[in-house]
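The block underneath contains the structure these notes are about, expressed in structure tokens.
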Amino acid sequence: MEYRQDTAAPIRALTQILLRGPSSLSEAERELIATVVSSRNQCRFCTAAHTAAAGALMGEDLTAEKVKRDIDSAPVTDKLKALLHIAAQVQESGKKVQPAHILTARLAGASDVEIHDTVLIAALFCMYNRYVDGLATVTPENKAFYQGLGERLRNHGYQRLPHGYDHLKEKPDIHEA
């Protein structure tokens, strides 16, 4: 995204709207959607970044870890479980979302807007995952790097800061395992 800031700008704007804009879903819930999709796509960078962002927003890391392992046993609402299942279907193929998935989400209290936004977030993160992996983005091993990135996403969202991500690169232990 730093390489082509002109193409990154509209992607960042859409991400800002979907993950930080007004919504009946919390910012943490929307980060969990990104986390589940990225984890299922095996995108190490995005999985770590959005797990950290969800943790920063929730003030704990356990929930994000649990939704990656098993949505049904994760400590989230039935509505969010239904939405995460929809996101998981989108991750495989949009055509995998069946009327039963939508009905389950509606019966759990999800609105049409929440279902729409879940599908769009899932589709967006499928694109992000392929973008990151397709360009062989550097994936630091140090958890502190992702904690810093998660804090940055919590505090500033998805718009590019004037200095980009230089503040994350300045930490001396970022590339250490």
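Labeling convention for the structure tokens: chains A, B, ... as they appear, residues from 1 per chain, ligands from 1 in order of appearance.
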Region 56-72 of chain A surroundings by only C-alpha atoms, 8 Å radius, close-in-sequence under 3 positions cut, as an mmCIF file with N, CA and C atoms, in the first residue's frame:
data_model
loop_
_atom_site.group_PDB
_atom_site.id
_atom_site.type_symbol
_atom_site.label_atom_id
_atom_site.label_comp_id
_atom_site.auth_asym_id
_atom_site.auth_seq_id
_atom_site.Cartn_x
_atom_site.Cartn_y
_atom_site.Cartn_z
ATOM 1 N N GLU A 27 -16.462 -1.941 16.290
ATOM 2 C CA GLU A 27 -15.198 -2.006 15.557
ATOM 3 C C GLU A 27 -14.504 -3.340 15.827
ATOM 4 N N ALA A 28 -14.566 -3.817 17.060
ATOM 5 C CA ALA A 28 -13.943 -5.096 17.408
ATOM 6 C C ALA A 28 -14.609 -6.245 16.647
ATOM 7 N N LEU A 32 -12.898 -8.798 13.994
ATOM 8 C CA LEU A 32 -12.976 -10.254 14.096
ATOM 9 C C LEU A 32 -13.367 -10.877 12.755
ATOM 10 N N THR A 35 -10.277 -10.917 10.837
ATOM 11 C CA THR A 35 -9.389 -11.920 11.418
ATOM 12 C C THR A 35 -9.748 -13.323 10.932
ATOM 13 N N VAL A 36 -11.027 -13.656 10.977
ATOM 14 C CA VAL A 36 -11.464 -14.995 10.561
ATOM 15 C C VAL A 36 -11.144 -15.232 9.093
ATOM 16 N N SER A 39 -7.332 -15.494 8.574
ATOM 17 C CA SER A 39 -6.840 -16.755 9.116
ATOM 18 C C SER A 39 -7.169 -17.909 8.177
ATOM 19 N N ARG A 40 -8.382 -17.948 7.681
ATOM 20 C CA ARG A 40 -8.778 -19.034 6.780
ATOM 21 C C ARG A 40 -8.048 -18.952 5.440
ATOM 22 N N THR A 51 -5.824 -9.744 14.250
ATOM 23 C CA THR A 51 -5.945 -10.346 15.574
ATOM 24 C C THR A 51 -5.504 -9.311 16.611
ATOM 25 N N ALA A 52 -4.405 -8.634 16.333
ATOM 26 C CA ALA A 52 -3.899 -7.607 17.252
ATOM 27 C C ALA A 52 -4.852 -6.420 17.342
ATOM 28 N N ALA A 53 -5.419 -6.000 16.212
ATOM 29 C CA ALA A 53 -6.360 -4.872 16.232
ATOM 30 C C ALA A 53 -7.611 -5.234 17.025
ATOM 31 N N PRO A 75 -16.331 -16.970 22.580
ATOM 32 C CA PRO A 75 -17.171 -16.193 23.493
ATOM 33 C C PRO A 75 -17.715 -14.909 22.829
ATOM 34 N N VAL A 76 -18.532 -15.101 21.801
ATOM 35 C CA VAL A 76 -19.172 -13.980 21.098
ATOM 36 C C VAL A 76 -20.671 -14.271 21.008
ATOM 37 N N LYS A 81 -21.594 -14.940 15.755
ATOM 38 C CA LYS A 81 -21.245 -16.274 15.261
ATOM 39 C C LYS A 81 -21.854 -16.505 13.880
ATOM 40 N N LEU A 84 -19.981 -14.430 11.370
ATOM 41 C CA LEU A 84 -18.658 -15.012 11.121
ATOM 42 C C LEU A 84 -18.766 -16.245 10.224
ATOM 43 N N HIS A 85 -19.820 -17.003 10.385
ATOM 44 C CA HIS A 85 -20.038 -18.150 9.492
ATOM 45 C C HIS A 85 -20.299 -17.678 8.059
ATOM 46 N N GLN A 147 1.412 -5.925 17.695
ATOM 47 C CA GLN A 147 0.752 -5.194 18.773
ATOM 48 C C GLN A 147 0.797 -3.695 18.479
ATOM 49 N N GLY A 150 -1.644 -3.111 15.690
ATOM 50 C CA GLY A 150 -2.999 -3.168 16.223
ATOM 51 C C GLY A 150 -3.385 -1.895 16.952
ATOM 52 N N GLU A 151 -2.451 -1.352 17.732
ATOM 53 C CA GLU A 151 -2.705 -0.076 18.423
ATOM 54 C C GLU A 151 -2.886 1.064 17.418
ATOM 55 N N ARG A 154 -6.295 0.669 15.962
ATOM 56 C CA ARG A 154 -7.308 1.073 16.945
ATOM 57 C C ARG A 154 -7.383 2.595 17.053
#
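The interatomic distance for the pair CA of Ala100 (chain A) and CA of Ser38 (chain A) works out to 23.6 Å.
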Counting only C-alpha atoms, which residues of region 40-105 of chain A fall within 10 Å of region 118-138 of chain A, and what is the closest atom pair for each with its distance in Å at one decimal, ordered by chain and rising number, as a Markdown table?
| residue | atom | partner | partner_atom | distance |
| --- | --- | --- | --- | --- |
| A:Arg40 | CA | A:Cys126 | CA | 9.5 |
| A:Asn41 | CA | A:Asn129 | CA | 6.9 |
| A:Gln42 | CA | A:Asn129 | CA | 8.2 |
| A:Cys43 | CA | A:Asn129 | CA | 5.6 |
| A:Arg44 | CA | A:Asp133 | CA | 8.6 |
| A:Phe45 | CA | A:Val132 | CA | 7.6 |
| A:Cys46 | CA | A:Asn129 | CA | 6.6 |
| A:Thr47 | CA | A:Asn129 | CA | 8.9 |
| A:Leu80 | CA | A:Thr118 | CA | 9.8 |
| A:Leu83 | CA | A:Thr118 | CA | 6.5 |
| A:Leu84 | CA | A:Thr118 | CA | 7.8 |
| A:His85 | CA | A:Thr118 | CA | 9.8 |
| A:Ile86 | CA | A:Val119 | CA | 7.0 |
| A:Ala87 | CA | A:Ala122 | CA | 5.2 |
| A:Ala88 | CA | A:Ala122 | CA | 7.8 |
| A:Gln89 | CA | A:Ala122 | CA | 9.0 |
| A:Val90 | CA | A:Ala122 | CA | 6.2 |
| A:Gln91 | CA | A:Cys126 | CA | 6.4 |
| A:Glu92 | CA | A:Cys126 | CA | 9.2 |
| A:Ser93 | CA | A:Ala123 | CA | 9.1 |
| A:Gly94 | CA | A:Ala123 | CA | 8.1 |
| A:Val97 | CA | A:Val119 | CA | 9.2 |
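In this comparison, which uses only C-alpha atoms, the residue of A:Ala49, A:Asp6, A:Leu18, A:Ala13 approaching Tyr146 (chain A) most closely is A:Ala49.
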CA of Ala110 (chain A) to CA of Leu14 (chain A), straight-line distance in Å: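 Computing it gives 21.6 Å between the two atoms.
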Members of region 18-63 of chain A assigned helix (DSSP H, G or I) by DSSP, as number ranges by chain: A: 18-20, 27-40, 44-58, 62-63
Residue among A:Gln159, A:Asn142, A:Ser111, A:Thr15 lying closest to Glu31 (chain A), counting only C-alpha atoms: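 Of the candidates, the smallest distance to Glu31 (chain A) is held by A:Thr15.
Pairwise distance (CA of His101 (chain A), CA of Ala82 (chain A)) equals 7.1 Å.
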